[in-house]
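*Asks:* My questions will all concern the structure given below.
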Amino acid sequence: MEKIKLPQNILDILKPGADLKKKLILAKGLYPGVDGFSLLHILLFLLVDSSTEVKSAAENTLLEMPENMLLEQLKKDQINPHLLHFFSDKKRENERVIEAIVLNRSTSNKTFSQIISFCNEKKILKCKN
């Protein structure tokens with residue numbers, strides 16, 4: 001997996017103790033000039049921030065991402081496997097999302113196990129074909 005290259009100004013905002021307002025702007029997906037792929041990875045990082053407000057905003061932004069934009073990003077093999085795992089849990093009822101995750105080469109065995117635990121056989125076979 002390739003490292004995501006982020007501008008220094010964004011890396012500074014992600015540091016512990018950085019300005020909470022700026023972190024919230026990032027967590028809400030409102031920071032200008034951030035592409036969708038980078039945004040997903042920034043939000044993943046913010047899911048473990050020390051501020052519950054930032055964590056909550058990041059999760060809401062991830063879950064409210066427009067489906068077409070999300071699907072485009074989930075199909076990229078360079079995506080962090082933790083994002084695939086996150087969405088396999090949070091979007092388990094969305095067959096298109098699960099299909100994109102199943103077909104992604106970066107999907108971990110742990111994520112496949114999770115999907116198998118809640119998908120019935122027909123749904124899994126449908127994703128595979």
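Chains: A, B, ... in order of the structure tokens. Residues: from 1 per chain. Ligands: from 1, in order shown.
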Give the alpha helix (DSSP H) residues of segment 47-86 of chain A, as assigned by DSSP on the backbone, as a list of chain:residue names.
*Replies:*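 Here are the alpha helix (DSSP H) residues of segment 47-86 of chain A: A:Thr52, A:Glu53, A:Val54, A:Lys55, A:Ser56, A:Ala57, A:Ala58, A:Glu59, A:Asn60, A:Thr61, A:Leu62, A:Leu63, A:Glu67, A:Asn68, A:Met69, A:Leu70, A:Leu71, A:Glu72, A:Gln73, A:Leu74, A:Pro81, A:His82, A:Leu83, A:Leu84, A:His85, A:Phe86.
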*Asks:* Excluding same-chain residues fewer than 4 positions from segment 14-30 of chain A, what lies within 12 Å of it counting only C-alpha atoms, as a PyMOL selection string?
*Replies:* chain A and resi 6-10+34-65
*Asks:* As an exercise, work out the distance from atom CA of Tyr31 of chain A to atom CA of Lys5 of chain A in Å and give it to one decimal place.
*Replies:*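 Distance between the two atoms: 16.0 Å.
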*Asks:* Please, what distance in Å, to one decimal, runs between atom CA of Ile115 of chain A and atom CA of Lys75 of chain A?
*Replies:*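 Result for atom CA of Ile115 of chain A versus atom CA of Lys75 of chain A: 16.6 Å, one decimal.
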